[in-house]
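Asks: One structure, pasted below without further comment.
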Amino acid sequence: MDVTRYVDDRPEDGVFRVNRAIFTDQAVFEREIEQIFEGGWVFLGIESQAENPHDFFTTTMGRVPVMVQRDGEGTLRGFVNSCPHKGARLAQTRAGNARLHVCPYHSWSFDSAGRSKAIKSHRAGCYSAAFEQTDHGLAALPRFEAYRGFLFGSLAADVMPLADYLGEAAKLLDLVADQSEEGLELVPGQVTFTYEANWKLQLENCSDAYHFTSAHPSYIRVLERRQQEMSADVVASVWENSDYWKEEAQGVAGGSYSFANGHVLNWGIFGITPAIPLYESAGALAERHGEGKRDWMFNMRNLTIFPNLQVAENASSQLRVIRPLAPGLTEMRTWCIAPKGESAAARRQRIRQYEDFFNPTGMATPDDTVSYENCQIGYAGTVEPWLQGYARGMTATVEGGNRFSDLIGMAPERSVLADAQLCDETLFHSYYRAWAQRMAGESEA
Ligand code: FES
Ligand SMILES: [Fe+2]
């Protein structure tokens, strides 16, 4: 595939443009499913979704139904959720607990390690010797690996190890995983919704600081009111535990980091504030991980692990899984993600702040999805096919990291330091460079 038709990437000329067709073309979409979602690492879920023996959850990789299950001994495995007999989808629910899965079509059964348990009326079946010598268990995912409780799989076997794929961006997953010694959990109450636009609009929007003041005025008004209502000592305490940021942050409001394989982060400085549910652990986290890493846990962070995982942390915390269904249709599965063992008060604050920002009934998500749908409608206009939304920050981007990434020993490929207005768009380049590489048929970097 000639990717230069879709991504015009000429750093020497200061040009980076994306063609509208990338969001609408059926052939592009089908190749994305094959090359990206069925051709490399994708996020499946977190370990606590199958916490106990025989727990399982279901998800998809591209078009392929997938089941992740813990067996009786505690080992987690990923399978294609399809019966080897005639292919019927085996587990029908989003999650559950089953020592045994019985296929609803002809009752072949499988244990929680995916092994065949019984074939109905086996002896009467007059099967050939060749059939008897065939394994009748579920097909394991060619690759299945975990990083700090985040589970990934690949339907292609010839991919690099997960740790290499995540690279330096893994340190940003550490910032999520290390918030509690007990690990992470998803707060009950998964929300699934669809929007009528391309999956890459969600990919971009998570990292798009530029839309915030335009698309979310009602939420900003709520924030301003809360700020006014906060007592003076709460406002003063924002920096009390963090000399570093007080000194170093002068003029810097945040920025972005870009990594190999399409992972990106945009971030902003919040400070150590009781507006964040993690506040109760501020002291303990500094002792356990050092101040720099603790302070990073309090920064606003929007992390994308290409192609389908996003973890957004601000006043609350959200885990999102992106699932493309058609060029103009995307399914989102979203959860509130939280450190295990936080106090009831912190959990309450996390959930309340989740509802007002992240929920599809909240004040931010509907603004975003409506904008994605407006873009999708606008893409029909191809008189000028090249989009101009990838140019902010072009002259602010530098190779490597900066004094803030040094705090957690992280070495990104590129970084931008920003004031409140810059709103970098060069981090999208990472997405489309990884995209172009995968679509061109090159394996992951
Ligand atoms: S398709 Fe599963 S038993 Fe027939
Ligand atoms: Fe938004």
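Each chain in the structure tokens gets a letter, A, B, ..., in the order shown, and its residues are numbered from 1; ligands are numbered from 1 in order too.
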Running DSSP on the backbone, which parts of stretch 109-315 of chain A land in alpha helix (DSSP H), as a PyMOL selection string?
Replies: chain A and resi 129-132+162-166+170-177+199-206+212-215+217-229+232-236+243-248+282-289+291-298
Asks: Which polymer residues have any atom within 7 Å of an atom of A:Pro142, counting only C-alpha atoms, with same-chain residues fewer than 4 positions away left out, as a VMD selection string?
Replies: chain A and resid 154 to 157
Asks: Residues within 8 Å of stretch 352-358 of chain A, please, as a list in words. Count only C-alpha atoms; anything in the same chain fewer than 4 positions from it doesn't count.
Replies: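 Here the qualifying residues turn out to be Tyr219, Ala315, Ser316, Ser317, Gln318, Cys336, Arg348, Gly362, Met363, Ala364 and Thr365 of chain A.
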Asks: Write a file of the selected residues as a PDB file, in the first residue's frame, keeping all heavy atoms.
Replies:
ATOM      1  N   TYR A 219     -17.994  22.131  31.366  1.00  0.00           N
ATOM      2  CA  TYR A 219     -17.157  21.503  32.383  1.00  0.00           C
ATOM      3  C   TYR A 219     -16.179  22.526  32.977  1.00  0.00           C
ATOM      4  O   TYR A 219     -15.942  22.548  34.185  1.00  0.00           O
ATOM      5  CB  TYR A 219     -16.383  20.323  31.783  1.00  0.00           C
ATOM      6  CG  TYR A 219     -15.541  19.612  32.813  1.00  0.00           C
ATOM      7  CD1 TYR A 219     -16.142  18.921  33.862  1.00  0.00           C
ATOM      8  CD2 TYR A 219     -14.153  19.649  32.762  1.00  0.00           C
ATOM      9  CE1 TYR A 219     -15.376  18.283  34.838  1.00  0.00           C
ATOM     10  CE2 TYR A 219     -13.383  19.018  33.725  1.00  0.00           C
ATOM     11  CZ  TYR A 219     -13.998  18.333  34.752  1.00  0.00           C
ATOM     12  OH  TYR A 219     -13.242  17.700  35.709  1.00  0.00           O
ATOM     13  N   ALA A 315      -8.828  14.658  37.252  1.00  0.00           N
ATOM     14  CA  ALA A 315      -9.487  14.660  38.562  1.00  0.00           C
ATOM     15  C   ALA A 315      -9.997  13.266  38.914  1.00  0.00           C
ATOM     16  O   ALA A 315     -10.302  12.976  40.059  1.00  0.00           O
ATOM     17  CB  ALA A 315     -10.630  15.656  38.561  1.00  0.00           C
ATOM     18  N   SER A 316     -10.099  12.400  37.897  1.00  0.00           N
ATOM     19  CA  SER A 316     -10.434  10.992  38.107  1.00  0.00           C
ATOM     20  C   SER A 316      -9.573  10.193  37.134  1.00  0.00           C
ATOM     21  O   SER A 316      -8.556  10.704  36.652  1.00  0.00           O
ATOM     22  CB  SER A 316     -11.928  10.759  37.896  1.00  0.00           C
ATOM     23  OG  SER A 316     -12.267   9.433  38.218  1.00  0.00           O
ATOM     24  N   SER A 317      -9.956   8.973  36.855  1.00  0.00           N
ATOM     25  CA  SER A 317      -9.071   8.125  36.055  1.00  0.00           C
ATOM     26  C   SER A 317      -9.904   7.171  35.208  1.00  0.00           C
ATOM     27  O   SER A 317     -10.805   6.522  35.718  1.00  0.00           O
ATOM     28  CB  SER A 317      -8.147   7.342  36.983  1.00  0.00           C
ATOM     29  OG  SER A 317      -8.893   6.860  38.091  1.00  0.00           O
ATOM     30  N   GLN A 318      -9.564   7.099  33.928  1.00  0.00           N
ATOM     31  CA  GLN A 318     -10.359   6.272  33.019  1.00  0.00           C
ATOM     32  C   GLN A 318      -9.475   5.380  32.170  1.00  0.00           C
ATOM     33  O   GLN A 318      -8.433   5.804  31.674  1.00  0.00           O
ATOM     34  CB  GLN A 318     -11.199   7.154  32.083  1.00  0.00           C
ATOM     35  CG  GLN A 318     -12.117   6.311  31.177  1.00  0.00           C
ATOM     36  CD  GLN A 318     -13.073   7.148  30.351  1.00  0.00           C
ATOM     37  OE1 GLN A 318     -12.663   8.085  29.697  1.00  0.00           O
ATOM     38  NE2 GLN A 318     -14.349   6.803  30.379  1.00  0.00           N
ATOM     39  N   CYS A 336     -13.847   3.225  35.018  1.00  0.00           N
ATOM     40  CA  CYS A 336     -13.053   3.954  36.000  1.00  0.00           C
ATOM     41  C   CYS A 336     -12.008   2.972  36.508  1.00  0.00           C
ATOM     42  O   CYS A 336     -12.336   1.874  36.954  1.00  0.00           O
ATOM     43  CB  CYS A 336     -13.959   4.435  37.134  1.00  0.00           C
ATOM     44  SG  CYS A 336     -13.063   5.343  38.412  1.00  0.00           S
ATOM     45  N   ARG A 348     -15.006   7.370  46.639  1.00  0.00           N
ATOM     46  CA  ARG A 348     -16.232   8.139  46.361  1.00  0.00           C
ATOM     47  C   ARG A 348     -15.877   9.367  45.507  1.00  0.00           C
ATOM     48  O   ARG A 348     -16.524   9.641  44.495  1.00  0.00           O
ATOM     49  CB  ARG A 348     -16.900   8.556  47.678  1.00  0.00           C
ATOM     50  CG  ARG A 348     -18.293   9.157  47.486  1.00  0.00           C
ATOM     51  CD  ARG A 348     -18.998   9.502  48.814  1.00  0.00           C
ATOM     52  NE  ARG A 348     -18.905   8.438  49.791  1.00  0.00           N
ATOM     53  CZ  ARG A 348     -18.221   8.493  50.949  1.00  0.00           C
ATOM     54  NH1 ARG A 348     -17.560   9.588  51.276  1.00  0.00           N
ATOM     55  NH2 ARG A 348     -18.197   7.477  51.787  1.00  0.00           N
ATOM     56  N   GLY A 362     -21.758  12.419  31.244  1.00  0.00           N
ATOM     57  CA  GLY A 362     -21.059  13.494  31.941  1.00  0.00           C
ATOM     58  C   GLY A 362     -20.907  14.720  31.054  1.00  0.00           C
ATOM     59  O   GLY A 362     -21.552  14.848  30.015  1.00  0.00           O
ATOM     60  N   MET A 363     -20.002  15.616  31.487  1.00  0.00           N
ATOM     61  CA  MET A 363     -19.915  16.897  30.795  1.00  0.00           C
ATOM     62  C   MET A 363     -18.835  16.945  29.725  1.00  0.00           C
ATOM     63  O   MET A 363     -18.699  17.957  29.045  1.00  0.00           O
ATOM     64  CB  MET A 363     -19.664  17.999  31.821  1.00  0.00           C
ATOM     65  CG  MET A 363     -20.948  18.404  32.519  1.00  0.00           C
ATOM     66  SD  MET A 363     -20.638  19.647  33.777  1.00  0.00           S
ATOM     67  CE  MET A 363     -20.006  18.630  35.075  1.00  0.00           C
ATOM     68  N   ALA A 364     -18.043  15.892  29.564  1.00  0.00           N
ATOM     69  CA  ALA A 364     -16.966  15.969  28.581  1.00  0.00           C
ATOM     70  C   ALA A 364     -17.151  14.997  27.419  1.00  0.00           C
ATOM     71  O   ALA A 364     -17.040  15.385  26.260  1.00  0.00           O
ATOM     72  CB  ALA A 364     -15.626  15.713  29.253  1.00  0.00           C
ATOM     73  N   THR A 365     -17.419  13.739  27.723  1.00  0.00           N
ATOM     74  CA  THR A 365     -17.467  12.727  26.669  1.00  0.00           C
ATOM     75  C   THR A 365     -18.474  13.052  25.556  1.00  0.00           C
ATOM     76  O   THR A 365     -18.148  12.904  24.379  1.00  0.00           O
ATOM     77  CB  THR A 365     -17.697  11.334  27.296  1.00  0.00           C
ATOM     78  OG1 THR A 365     -16.568  11.067  28.147  1.00  0.00           O
ATOM     79  CG2 THR A 365     -17.806  10.248  26.254  1.00  0.00           C
TER      80      THR A 365
END
Asks: With only C-alpha atoms as the counted atoms, please give the residues lying no more than 10 Å from A:His85, apart from itself and same-chain residues fewer than 3 positions off, as a count of residues only.
Replies: 11
Asks: For the structure I just gave you, how does DSSP split stretch 63-197 of chain A - specifically, which residues are strand (DSSP E)? Reply as a PyMOL selection string.
Replies: chain A and resi 64-70+76-80+95-97+100-102+109-111+116-118+143-147+150-154+184-186+191-195
Asks: Considering only C-alpha atoms, return as a PyMOL selection string whatever protein or nucleic-acid residues lie within 7 Å of stretch 35-42 of chain A, sequence-local ones (same chain, fewer than 6 positions apart) excluded.
Replies: chain A and resi 61-62+152-156+159+307-308+438-439
Asks: Near A:Leu422, counting only C-alpha atoms, which residues have an atom at most 8 Å away, once you skip same-chain residues fewer than 4 positions from it, shown as a ChimeraX atom specification?
Replies: /A:210,392-393,418
Asks: What do you get as a PyMOL selection string if you pick all residues at most 8 Å from ligand 2, counting only C-alpha atoms and all ligand atoms?
Replies: chain A and resi 205-206+208+211-212+215-216+364-365+367-368
Asks: Choose the residue, out of A:Pro65, A:Pro104, A:Pro339, A:Gly78, that has the smallest atom-to-atom separation from ligand 1; count only C-alpha atoms and all ligand atoms.
Replies: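 Closest candidate: A:Pro104.
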Asks: Nearest to ligand 1 among A:Leu427, A:Ile46, A:Val176, A:Ala91, with distances taken over only C-alpha atoms and all ligand atoms: which residue is it?
Replies: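 Distance minimum relative to ligand 1 lands on A:Ala91.
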Asks: Which residue, A:Tyr390, A:Asn81, A:Tyr372, A:Gln349, has the smallest gap to ligand 1 when you use only C-alpha atoms and all ligand atoms?
Replies: A:Asn81
Asks: By how many Å are atom CA of A:Leu100 and atom CA of A:Arg123 apart?
Replies: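 Going from atom CA of A:Leu100 over to atom CA of A:Arg123, I get 20.7 Å.
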